[in-house]
Every structure is written in structure tokens, then in C-alpha cells.
$ cat coords.csv   # CSV, C-alpha atoms and all ligand atoms
chain,number,residue,atom,x,y,z
A,15,MET,CA,13.9,-16.4,-0.5
A,16,SER,CA,16.3,-17.2,-3.2
A,17,HIS,CA,16.9,-16.5,-6.9
A,18,GLU,CA,20.3,-17.2,-8.6
A,19,PRO,CA,20.9,-14.3,-11.0
A,20,VAL,CA,21.6,-15.5,-14.6
A,21,LEU,CA,24.7,-14.3,-16.6
A,22,LEU,CA,25.3,-11.8,-13.8
A,23,LYS,CA,28.8,-10.7,-14.6
A,24,GLU,CA,28.4,-10.8,-18.3
A,25,SER,CA,25.1,-8.8,-18.3
A,26,ILE,CA,26.4,-6.0,-16.0
A,27,ASP,CA,29.7,-5.8,-17.8
A,28,PHE,CA,27.8,-4.9,-21.0
A,29,LEU,CA,25.3,-2.6,-19.2
A,30,ILE,CA,27.6,-0.2,-17.3
A,31,THR,CA,29.4,2.3,-19.4
A,32,LYS,CA,29.4,5.2,-16.9
A,33,LYS,CA,30.0,4.8,-13.1
A,34,SER,CA,28.0,7.9,-12.3
A,35,GLY,CA,25.2,7.1,-14.7
A,36,ILE,CA,21.4,6.6,-14.3
A,37,TYR,CA,20.3,3.0,-14.8
A,38,PHE,CA,16.9,1.1,-15.0
A,39,ASP,CA,16.3,-2.5,-13.9
A,40,GLY,CA,12.8,-3.4,-15.1
A,41,THR,CA,12.6,-6.7,-13.4
A,42,ALA,CA,14.2,-6.2,-9.9
A,43,GLY,CA,13.0,-9.6,-8.6
A,44,PHE,CA,15.2,-10.5,-5.6
A,45,GLY,CA,17.7,-7.8,-6.5
A,46,GLY,CA,20.5,-10.0,-7.8
A,47,HIS,CA,21.3,-7.9,-10.9
A,48,SER,CA,20.3,-4.6,-9.1
A,49,LYS,CA,22.9,-5.3,-6.4
A,50,GLU,CA,25.6,-5.9,-9.0
A,51,ILE,CA,24.6,-2.7,-10.8
A,52,LEU,CA,24.8,-0.7,-7.6
A,53,ASN,CA,28.2,-2.3,-6.8
A,54,ARG,CA,29.6,-0.9,-10.0
A,55,LEU,CA,28.2,2.6,-9.6
A,56,ASP,CA,29.9,5.4,-7.7
A,57,GLU,CA,28.0,7.6,-5.1
A,58,LYS,CA,26.6,9.8,-7.9
A,59,GLY,CA,25.1,6.9,-9.8
A,60,LYS,CA,21.4,6.0,-9.6
A,61,LEU,CA,19.3,2.9,-10.2
A,62,ILE,CA,15.5,3.0,-10.8
A,63,ALA,CA,13.8,-0.4,-10.7
A,64,THR,CA,10.3,-1.9,-11.2
A,65,ASP,CA,8.7,-5.2,-10.4
A,66,LYS,CA,5.1,-6.3,-10.8
A,67,ASP,CA,5.3,-8.8,-8.0
A,68,GLN,CA,4.4,-7.6,-4.5
A,69,SER,CA,6.9,-9.9,-2.7
A,70,ALA,CA,9.7,-9.0,-5.0
A,71,PHE,CA,8.9,-5.3,-4.6
A,72,GLU,CA,8.9,-5.6,-0.8
A,73,HIS,CA,12.0,-7.6,-0.7
A,74,CYS,CA,13.9,-5.0,-2.7
A,75,ILE,CA,12.7,-2.2,-0.5
A,76,LYS,CA,14.2,-4.0,2.5
A,77,LYS,CA,17.3,-5.2,0.7
A,78,PHE,CA,18.3,-1.7,-0.5
A,79,ALA,CA,16.8,0.4,2.4
A,80,ASN,CA,20.2,1.9,3.2
A,81,ASP,CA,21.1,2.8,-0.4
A,82,LYS,CA,19.9,6.2,-1.4
A,83,ARG,CA,20.9,5.6,-5.0
A,84,PHE,CA,18.1,3.0,-5.4
A,85,SER,CA,14.3,3.5,-5.9
A,86,VAL,CA,11.8,0.7,-6.8
A,87,PHE,CA,8.3,0.9,-8.1
A,88,HIS,CA,5.6,-1.8,-7.8
A,89,THR,CA,4.5,-1.7,-11.4
A,90,GLY,CA,5.2,-3.0,-14.9
A,91,PHE,CA,8.4,-2.1,-16.7
A,92,THR,CA,6.3,-0.7,-19.6
A,93,ASN,CA,5.7,2.3,-17.3
A,94,ILE,CA,9.4,3.3,-17.7
A,95,ASP,CA,8.3,6.6,-19.4
A,96,SER,CA,6.0,7.7,-16.5
A,97,ILE,CA,8.5,6.7,-13.9
A,98,SER,CA,11.3,8.6,-15.7
A,99,LYS,CA,9.0,11.7,-15.4
A,100,ILE,CA,8.3,11.1,-11.7
A,101,GLU,CA,12.0,10.9,-11.1
A,102,PHE,CA,12.8,13.9,-13.3
A,103,ILE,CA,15.0,11.7,-15.6
A,104,ASP,CA,15.4,12.6,-19.3
A,105,HIS,CA,17.5,9.7,-20.3
A,106,PHE,CA,19.0,6.5,-18.9
A,107,ASP,CA,22.6,5.4,-19.4
A,108,GLY,CA,21.5,1.8,-19.4
A,109,ILE,CA,18.3,-0.2,-19.3
A,110,PHE,CA,18.1,-3.9,-18.2
A,111,ALA,CA,15.5,-6.6,-18.0
A,112,ASP,CA,15.7,-10.2,-16.9
A,113,LEU,CA,12.3,-11.5,-18.2
A,114,GLY,CA,9.9,-14.0,-16.9
A,115,VAL,CA,9.4,-15.3,-13.4
A,116,SER,CA,12.0,-15.8,-10.6
A,117,SER,CA,12.9,-19.1,-9.0
A,118,PHE,CA,11.2,-17.8,-5.9
A,119,GLN,CA,7.9,-17.3,-7.8
A,120,LEU,CA,8.3,-20.8,-9.3
A,121,ASP,CA,9.2,-22.4,-6.0
A,122,THR,CA,6.6,-20.7,-3.8
A,123,VAL,CA,3.5,-22.9,-4.0
A,124,GLU,CA,1.1,-20.0,-3.1
A,125,SER,CA,2.3,-18.0,-6.1
A,126,GLY,CA,0.6,-20.7,-8.2
A,127,PHE,CA,3.2,-20.5,-11.0
A,128,THR,CA,4.2,-24.2,-10.8
A,129,PHE,CA,2.1,-27.2,-11.8
A,130,ARG,CA,4.3,-29.4,-9.5
A,131,GLU,CA,2.2,-28.5,-6.5
A,132,ASP,CA,-1.5,-27.8,-6.0
A,133,ALA,CA,-2.4,-24.1,-5.7
A,134,ALA,CA,-5.0,-21.5,-6.8
A,135,LEU,CA,-4.8,-21.2,-10.6
A,136,ASP,CA,-4.0,-17.5,-10.9
A,137,LEU,CA,-0.6,-16.9,-12.7
A,138,ARG,CA,-0.8,-13.1,-12.4
A,139,MET,CA,2.4,-11.5,-11.3
A,140,ASN,CA,0.4,-8.5,-10.0
A,141,LYS,CA,-2.7,-9.9,-8.4
A,142,ASP,CA,-4.4,-6.5,-8.5
A,143,GLU,CA,-4.5,-6.2,-12.3
A,144,GLY,CA,-6.0,-8.2,-15.2
A,145,ILE,CA,-7.8,-11.5,-15.0
A,146,SER,CA,-6.6,-14.8,-13.6
A,147,ALA,CA,-5.9,-18.0,-15.5
A,148,SER,CA,-8.9,-19.6,-13.7
A,149,GLU,CA,-11.2,-17.0,-15.1
A,150,ILE,CA,-9.9,-17.6,-18.6
A,151,LEU,CA,-10.5,-21.4,-18.4
A,152,ASN,CA,-14.0,-20.9,-17.0
A,153,LYS,CA,-15.2,-18.1,-19.2
A,154,PHE,CA,-13.4,-18.1,-22.6
A,155,SER,CA,-14.6,-20.1,-25.6
A,156,GLN,CA,-13.0,-23.4,-26.7
A,157,GLU,CA,-11.5,-21.7,-29.8
A,158,ASP,CA,-10.1,-18.8,-27.7
A,159,ILE,CA,-8.5,-21.2,-25.2
A,160,ALA,CA,-7.0,-23.3,-28.0
A,161,LYS,CA,-5.6,-20.2,-29.6
A,162,ILE,CA,-3.9,-19.0,-26.4
A,163,LEU,CA,-2.3,-22.4,-25.8
A,164,PHE,CA,-1.1,-22.5,-29.4
A,165,ASP,CA,0.0,-18.9,-29.8
A,166,TYR,CA,1.8,-18.5,-26.5
A,167,GLY,CA,2.8,-22.1,-25.6
A,168,GLU,CA,3.3,-23.5,-29.1
A,169,GLU,CA,1.3,-26.5,-27.8
A,170,LYS,CA,0.4,-28.9,-30.6
A,171,ASN,CA,-2.3,-30.6,-28.7
A,172,SER,CA,-4.0,-27.2,-28.0
A,173,ARG,CA,-7.4,-28.0,-29.6
A,174,LEU,CA,-7.8,-31.3,-27.7
A,175,ILE,CA,-6.8,-29.8,-24.4
A,176,ALA,CA,-9.2,-26.9,-24.9
A,177,LYS,CA,-12.0,-29.4,-25.7
A,178,LYS,CA,-11.3,-31.3,-22.4
A,179,ILE,CA,-11.3,-28.0,-20.5
A,180,ILE,CA,-14.8,-27.2,-21.8
A,181,GLU,CA,-16.0,-30.7,-20.9
A,182,PHE,CA,-14.5,-30.5,-17.4
A,183,ARG,CA,-16.0,-27.1,-16.6
A,184,LEU,CA,-19.6,-28.3,-17.4
A,185,ASN,CA,-19.4,-30.2,-14.1
A,186,GLU,CA,-16.9,-28.3,-12.0
A,187,LYS,CA,-15.3,-24.8,-11.9
A,188,ILE,CA,-11.6,-24.9,-12.7
A,189,SER,CA,-9.8,-23.1,-9.9
A,190,ARG,CA,-6.7,-25.2,-8.9
A,191,THR,CA,-3.5,-26.0,-10.7
A,192,SER,CA,-4.1,-29.7,-9.9
A,193,GLN,CA,-7.4,-29.7,-11.9
A,194,LEU,CA,-5.7,-28.3,-15.0
A,195,LYS,CA,-2.9,-30.8,-14.6
A,196,ASN,CA,-5.4,-33.7,-14.4
A,197,ILE,CA,-7.1,-32.4,-17.6
A,198,ILE,CA,-3.8,-32.3,-19.5
A,199,GLU,CA,-2.7,-35.7,-18.1
A,200,GLN,CA,-5.9,-37.3,-19.6
A,201,VAL,CA,-4.9,-36.3,-23.2
A,202,THR,CA,-1.1,-36.4,-23.2
A,203,PRO,CA,1.2,-39.4,-23.4
A,204,VAL,CA,3.4,-39.7,-20.3
A,205,ARG,CA,6.6,-39.1,-22.2
A,206,PHE,CA,5.4,-35.6,-23.4
A,207,LEU,CA,3.6,-34.7,-20.2
A,208,ASN,CA,6.1,-32.4,-18.5
A,209,LYS,CA,6.7,-30.5,-21.8
A,210,SER,CA,3.0,-30.1,-22.3
A,211,LEU,CA,2.4,-29.0,-18.8
A,212,SER,CA,5.2,-26.4,-19.1
A,213,ARG,CA,3.8,-25.1,-22.4
A,214,VAL,CA,0.2,-24.8,-21.2
A,215,PHE,CA,1.2,-23.0,-17.9
A,216,GLN,CA,3.6,-20.8,-19.9
A,217,ALA,CA,0.9,-19.9,-22.4
A,218,LEU,CA,-1.6,-18.9,-19.7
A,219,ARG,CA,1.1,-17.0,-17.8
A,220,ILE,CA,2.1,-15.0,-20.9
A,221,TYR,CA,-1.6,-14.3,-21.7
A,222,VAL,CA,-2.7,-13.2,-18.2
A,223,ASN,CA,0.3,-10.9,-17.7
A,224,ASN,CA,0.1,-9.5,-21.3
A,225,GLU,CA,3.9,-10.3,-21.4
A,226,LEU,CA,4.6,-10.0,-25.1
A,227,GLU,CA,2.7,-6.8,-25.7
A,228,GLU,CA,4.3,-5.3,-22.6
A,229,LEU,CA,7.8,-6.3,-23.8
A,230,GLU,CA,7.2,-4.7,-27.2
A,231,SER,CA,6.0,-1.4,-25.6
A,232,PHE,CA,8.9,-1.5,-23.1
A,233,LEU,CA,11.5,-1.9,-25.8
A,234,ASP,CA,10.0,0.9,-28.0
A,235,LYS,CA,10.0,3.3,-25.1
A,236,SER,CA,13.5,2.2,-23.9
A,237,PHE,CA,15.2,2.8,-27.3
A,238,SER,CA,14.0,6.5,-27.1
A,239,LEU,CA,14.9,6.9,-23.4
A,240,LEU,CA,18.5,5.8,-23.8
A,241,SER,CA,21.3,8.4,-23.9
A,242,PRO,CA,23.7,8.1,-26.9
A,243,GLY,CA,26.2,5.3,-26.0
A,244,GLY,CA,23.7,3.9,-23.4
A,245,ARG,CA,23.0,0.2,-23.6
A,246,ILE,CA,20.0,-2.0,-23.4
A,247,VAL,CA,20.6,-5.5,-22.1
A,248,ILE,CA,17.8,-8.1,-22.2
A,249,LEU,CA,17.7,-11.7,-20.9
A,250,SER,CA,15.0,-13.8,-22.2
A,251,TYR,CA,14.0,-17.4,-21.5
A,252,HIS,CA,11.8,-18.6,-24.4
A,253,SER,CA,11.7,-18.2,-28.2
A,254,LEU,CA,8.6,-15.9,-28.3
A,255,GLU,CA,10.3,-13.3,-26.1
A,256,ASP,CA,13.7,-13.7,-27.8
A,257,ARG,CA,12.2,-13.2,-31.2
A,258,ILE,CA,10.6,-9.9,-30.2
A,259,VAL,CA,13.9,-8.6,-28.7
A,260,LYS,CA,15.9,-9.7,-31.8
A,261,GLU,CA,13.4,-8.2,-34.3
A,262,LYS,CA,13.0,-4.9,-32.5
A,263,ILE,CA,16.7,-4.4,-32.1
A,264,LYS,CA,17.3,-5.4,-35.8
A,265,HIS,CA,14.6,-2.9,-37.0
A,266,GLU,CA,16.1,-0.1,-34.9
A,267,SER,CA,19.6,-0.8,-36.2
A,268,LEU,CA,18.6,-0.1,-39.8
A,269,SER,CA,19.0,3.3,-41.3
A,270,CYS,CA,16.8,2.5,-44.4
A,271,ILE,CA,13.8,0.2,-44.9
A,272,CYS,CA,13.1,1.1,-48.5
A,273,PRO,CA,12.4,-1.9,-50.8
A,274,PRO,CA,15.5,-3.3,-52.5
A,275,GLY,CA,16.3,-1.6,-55.8
A,276,MET,CA,15.1,1.9,-54.9
A,277,PRO,CA,17.5,4.4,-56.5
A,278,ILE,CA,17.4,6.8,-53.5
A,279,CYS,CA,16.2,6.4,-50.0
A,280,THR,CA,12.7,7.8,-49.4
A,281,CYS,CA,11.7,6.0,-46.2
A,282,GLY,CA,13.0,8.6,-43.7
A,283,LYS,CA,14.0,5.9,-41.3
A,284,ILE,CA,16.5,7.0,-38.6
A,285,GLN,CA,18.9,4.4,-37.1
A,286,LYS,CA,18.5,4.5,-33.3
A,287,MET,CA,20.5,1.5,-32.2
A,288,LYS,CA,23.7,-0.4,-32.9
A,289,LEU,CA,23.9,-4.1,-32.3
A,290,ILE,CA,26.5,-5.1,-29.7
A,291,THR,CA,26.0,-8.8,-29.6
A,292,HIS,CA,25.6,-10.2,-33.1
A,293,LYS,CA,24.6,-13.6,-31.7
A,294,PRO,CA,22.8,-14.1,-28.4
A,295,VAL,CA,25.1,-14.6,-25.4
A,296,VAL,CA,24.2,-17.9,-23.5
A,297,PRO,CA,25.4,-19.2,-20.2
A,298,GLY,CA,28.3,-21.7,-20.1
A,299,ASP,CA,28.0,-25.4,-19.0
A,300,LEU,CA,29.3,-24.5,-15.5
A,301,GLU,CA,26.5,-22.0,-14.9
A,302,ILE,CA,23.9,-24.3,-16.3
A,303,GLU,CA,25.1,-27.1,-14.0
A,304,LYS,CA,24.7,-24.8,-11.0
A,305,ASN,CA,21.5,-23.2,-12.0
A,306,ARG,CA,19.0,-25.1,-14.2
A,307,ARG,CA,17.0,-22.0,-14.9
A,308,ALA,CA,20.0,-20.6,-16.9
A,309,ARG,CA,19.8,-23.3,-19.5
A,310,SER,CA,17.2,-21.5,-21.7
A,311,ALA,CA,18.7,-17.9,-21.2
A,312,LYS,CA,19.6,-15.7,-24.2
A,313,MET,CA,21.1,-12.3,-23.7
A,314,ARG,CA,21.0,-9.6,-26.4
A,315,VAL,CA,22.7,-6.2,-26.1
A,316,ALA,CA,22.3,-3.0,-28.2
A,317,GLU,CA,23.7,0.6,-27.9
A,318,ARG,CA,21.9,3.9,-28.6
A,319,VAL,CA,23.7,5.7,-31.5
A,401,LIG,C1,13.8,-13.5,-13.6
A,401,LIG,S1,13.1,-12.6,-12.4
A,401,LIG,C2,14.3,-11.3,-12.2
A,401,LIG,C3,15.4,-11.7,-11.2
A,401,LIG,C4,16.4,-10.6,-10.9
A,401,LIG,N1,17.1,-10.2,-12.0
A,401,LIG,C5,17.3,-11.0,-9.8
A,401,LIG,O1,18.5,-11.2,-10.0
A,401,LIG,O2,16.8,-11.2,-8.6
A,401,LIG,C6,11.9,-11.7,-13.2
A,401,LIG,C7,11.1,-10.7,-12.4
A,401,LIG,O3,10.5,-9.8,-13.3
A,401,LIG,C8,9.2,-9.5,-12.8
A,401,LIG,N2,8.5,-9.1,-14.0
A,401,LIG,C9,8.1,-9.9,-15.1
A,401,LIG,N3,7.5,-9.2,-16.0
A,401,LIG,C10,7.5,-7.9,-15.6
A,401,LIG,C11,7.0,-6.7,-16.1
A,401,LIG,N4,6.4,-6.6,-17.3
A,401,LIG,N5,7.2,-5.6,-15.4
A,401,LIG,C12,7.8,-5.6,-14.2
A,401,LIG,N6,8.3,-6.8,-13.6
A,401,LIG,C13,8.1,-7.9,-14.3
A,401,LIG,C14,8.7,-10.8,-12.1
A,401,LIG,O4,7.8,-10.5,-11.2
A,401,LIG,C15,10.0,-11.3,-11.5
A,401,LIG,O5,10.2,-10.8,-10.2
$ encode --input "coords.csv" --output "C-alpha cells"
Amino acid sequence: MSHEPVLLKESIDFLITKKSGIYFDGTAGFGGHSKEILNRLDEKGKLIATDKDQSAFEHCIKKFANDKRFSVFHTGFTNIDSISKIEFIDHFDGIFADLGVSSFQLDTVESGFTFREDAALDLRMNKDEGISASEILNKFSQEDIAKILFDYGEEKNSRLIAKKIIEFRLNEKISRTSQLKNIIEQVTPVRFLNKSLSRVFQALRIYVNNELEELESFLDKSFSLLSPGGRIVILSYHSLEDRIVKEKIKHESLSCICPPGMPICTCGKIQKMKLITHKPVVPGDLEIEKNRRARSAKMRVAERV
């Protein structure tokens, strides 16, 4: 099992402000960032982690079995508030998330996250919740499928692909990644094929995992659960996620949202966060050369005031 952690040193340098603090890693994955967080904490420090993926969860249990400072939950990071109650934690000194899927999920054929190999068309990180990508393609209307591909994949050919999906399913149930790949191949020029395949698979993955809504809810809860001076560090890999992180941090960094020209402030807005990275931090050429997945990474950091 392997996953090369992205912006490892940079992200944890920003995150840790207190050696004996309590930290949260919402996307434990294969424990790359979690391990580095634990390395920087002293014996009083604590790290609470979550991951939706069963294999990632089991991997982390084994990896940190001998470290009493670490606990991991098999659930979505949006449950950070319930978890903090279970663990009797009022506030965290730092909250971290490295969004999306791991290289392990992408490289494991049975996970069905890649269009490069044939597998069941599921795309759920937690196979026990929600509906699979196959159910969407077999049950949703043409308009709804086109909307998902456009909204979450920014796929320009979304209407035509959705039409072909409906035609295909009249004869055959769509249950394999190879069937979806064939449908897209029929309507996409070869030079755009890989991009279109990535966009369609990304769109379905975001939809079935409710990724954008969960990210918004996680950020809102996290801002309130940070101690003053505590930091939130988020690594994102596509523009839809990054836009949410950027906008949410920007909104929480304002102390007034009254329309311009108001003589006095009446909005009652309270500033919760202070921006630490004014521009997103991105990996250098060397890291991108070693780890292709790093090429689209953007990191944003903010601090609770
Ligand atoms: C990029 S990987 C994290 C890799 C990790 N930082 C490491 O160094 O090993 C993203 C992980 O987040 C998990 N994940 C994605 N969305 C999640 C969510 N809403 N809640 C919990 N886990 C999530 C995925 O299952 C995956 O294991």
C-alpha cells in the first residue's frame, strides 16, 4: 500500500503551533500526514483522525497501534463535532484535511476509482453509505446526469454523454467502469479523451460522496472548533474544492459584511479567522517530478482569532 503525502513538511509546519496540543486529521488515508503530526507532538499531544475508506481506516489502526496519542474513526470528517464530543474535546489546536482520494484508492483496481482498468462502477469511499455511480447512471434522468457531469466535472460535452448513457442503458445495465469508458469514447475526440474521462469520473465521485457539501459543513464546524491561535490547513486538488476553501476562509476573515457606503456597521458579523496564506501554497517542481498527484495541489491556511 502506498501514498506519497503532498506538501508534507510545509503543511505540518503551518499546522503545529503547540507541541502538547490536540489535532484533527480529517483524511487519515495511509497516515502520511498523521505520522508527521505525531512526530512533532510531545507525549501529552493528541491526534484524532477520520477516514471514510475502510482500507485506509484499517491501515491506520495497524500503523499507529502502539501510539496511545492517536485515535481514528471510520466516518466522514463532517462528523468532527460528534467526534469531539465522544472524545471530550472542546477545541482543537489544529485541523487538517488532504482532500480527495489517495494514490492507493486510484491504483487499486477493486476500488473502482480509475477508468484505466475495468472494475465495478461504484466510486463510493464508504461502500456502506449513499448510492453508487452505477445506480445514478441506470436510474437518473438524462437532464440530471448531464447536470452532474457539468456541475461537478465542468464537462462541456455533458449533454451528449448523458444522451449516450440513456441510449446505452436501454439495452444493457451500466455496472462496469469499462462500459462508461466506451460510452465516452464514442462521443469524444481522441485528443480530449483522457481529460473527459477524468472529468466524468471526478463528477460522479464528487456526487456520490457528497464531497462539496461535506467540505462546506466540515469547514463551518472546524472554524468554531478551533482554539484561538489554532490553525486550519486544507490541501485541495481541483478548482471546485479550492473555491469553497478560499471563499469560506475569506468570509470568516471579514469583520463586517455591510453594503459599501453604510455610515455605521449594522451587520453584527464577527471575524473568526485570519488568513495566513494570502496565495495558495503549491508544490515545487521537484515534488511534482517525484509525485504526479502533487501537480494539482493547492494549500490554504487560516488561523482562529
Ligand atoms: C489524499 S488522501 C489522504 C492521504 C493522507 N494525507 C496520507 O498522507 O496518507 C484522502 C483520503 O481522504 C479520505 N476522504 C475523502 N473525503 C473524506 C471525507 N469527507 N471524510 C473522511 N475521509 C475522507 C479518502 O478516503 C482518502 O483516504
$ residues_around --input "coords.csv" --residues "Ile284 of chain A" --least-positions-apart "2" --cutoff "10 Å" --atoms "all atoms listed in the file" --output "PyMOL selection string"
chain A and resi 266-271+281-282+286-287
$ residues_around --input "coords.csv" --residues "Leu226 of chain A" --least-positions-apart "6" --cutoff "10 Å" --atoms "all atoms listed in the file" --output "count of residues only"
6
$ closest_residue --input "coords.csv" --among "A:Ile94, A:Leu151, A:Leu300, A:Val259" --to "ligand LIG 401 (chain A)" --atoms "all atoms listed in the file"
A:Ile94
$ closest_residue --input "coords.csv" --among "A:Ala79, A:Leu163, A:Leu194, A:Val201" --to "Arg213 of chain A" --atoms "all atoms listed in the file"
A:Leu163
$ closest_residue --input "coords.csv" --among "A:Arg306, A:Arg245, A:Lys312, A:Lys49" --to "ligand LIG 401 (chain A)" --atoms "all atoms listed in the file"
A:Lys49
$ closest_residue --input "coords.csv" --among "A:Asp67, A:Glu57, A:Gln200, A:Phe28" --to "Leu289 of chain A" --atoms "all atoms listed in the file"
A:Phe28
$ residues_near_ligand --input "coords.csv" --ligand "ligand LIG 401 (chain A)" --cutoff "9 Å" --atoms "only C-alpha atoms and all ligand atoms" --output "PyMOL selection string"
chain A and resi 16-20+22+39-50+63-71+87-93+110-119+139-140+223-226+228-229+232+249-251
$ decode --input "coords.csv" --residues "segment 230-272 of chain A" --atoms "C-alpha atoms" --output "PDB file, in the first residue's frame"
ATOM      1  CA  GLU A 230     -18.620  23.132   3.400  1.00  0.00           C
ATOM      2  CA  SER A 231     -20.112  21.640   6.541  1.00  0.00           C
ATOM      3  CA  PHE A 232     -16.681  20.449   7.769  1.00  0.00           C
ATOM      4  CA  LEU A 233     -15.181  23.927   7.305  1.00  0.00           C
ATOM      5  CA  ASP A 234     -18.050  25.674   9.106  1.00  0.00           C
ATOM      6  CA  LYS A 235     -17.802  23.300  12.060  1.00  0.00           C
ATOM      7  CA  SER A 236     -13.982  23.466  12.090  1.00  0.00           C
ATOM      8  CA  PHE A 237     -13.829  27.270  12.347  1.00  0.00           C
ATOM      9  CA  SER A 238     -15.925  27.070  15.528  1.00  0.00           C
ATOM     10  CA  LEU A 239     -13.987  24.127  16.958  1.00  0.00           C
ATOM     11  CA  LEU A 240     -10.545  25.779  16.752  1.00  0.00           C
ATOM     12  CA  SER A 241      -8.906  27.349  19.819  1.00  0.00           C
ATOM     13  CA  PRO A 242      -7.700  30.962  19.391  1.00  0.00           C
ATOM     14  CA  GLY A 243      -4.369  30.757  17.548  1.00  0.00           C
ATOM     15  CA  GLY A 244      -5.274  27.282  16.223  1.00  0.00           C
ATOM     16  CA  ARG A 245      -4.884  26.724  12.501  1.00  0.00           C
ATOM     17  CA  ILE A 246      -6.787  25.032   9.726  1.00  0.00           C
ATOM     18  CA  VAL A 247      -4.708  23.646   6.843  1.00  0.00           C
ATOM     19  CA  ILE A 248      -6.514  22.341   3.758  1.00  0.00           C
ATOM     20  CA  LEU A 249      -4.985  20.691   0.688  1.00  0.00           C
ATOM     21  CA  SER A 250      -7.282  20.556  -2.338  1.00  0.00           C
ATOM     22  CA  TYR A 251      -6.833  19.090  -5.817  1.00  0.00           C
ATOM     23  CA  HIS A 252      -9.426  20.713  -8.059  1.00  0.00           C
ATOM     24  CA  SER A 253     -10.913  24.151  -8.546  1.00  0.00           C
ATOM     25  CA  LEU A 254     -14.370  23.323  -7.134  1.00  0.00           C
ATOM     26  CA  GLU A 255     -12.882  22.338  -3.773  1.00  0.00           C
ATOM     27  CA  ASP A 256     -10.334  25.140  -3.727  1.00  0.00           C
ATOM     28  CA  ARG A 257     -13.036  27.730  -4.467  1.00  0.00           C
ATOM     29  CA  ILE A 258     -15.051  26.572  -1.446  1.00  0.00           C
ATOM     30  CA  VAL A 259     -11.997  26.676   0.856  1.00  0.00           C
ATOM     31  CA  LYS A 260     -10.979  30.119  -0.419  1.00  0.00           C
ATOM     32  CA  GLU A 261     -14.475  31.635  -0.158  1.00  0.00           C
ATOM     33  CA  LYS A 262     -15.240  30.200   3.281  1.00  0.00           C
ATOM     34  CA  ILE A 263     -11.930  31.432   4.728  1.00  0.00           C
ATOM     35  CA  LYS A 264     -12.401  34.835   3.102  1.00  0.00           C
ATOM     36  CA  HIS A 265     -15.916  35.189   4.554  1.00  0.00           C
ATOM     37  CA  GLU A 266     -14.780  34.184   8.057  1.00  0.00           C
ATOM     38  CA  SER A 267     -11.870  36.658   7.852  1.00  0.00           C
ATOM     39  CA  LEU A 268     -14.204  39.638   7.450  1.00  0.00           C
ATOM     40  CA  SER A 269     -15.394  41.648  10.438  1.00  0.00           C
ATOM     41  CA  CYS A 270     -18.131  43.458   8.514  1.00  0.00           C
ATOM     42  CA  ILE A 271     -20.301  42.480   5.533  1.00  0.00           C
ATOM     43  CA  CYS A 272     -22.437  45.630   5.364  1.00  0.00           C
TER      44      CYS A 272
END
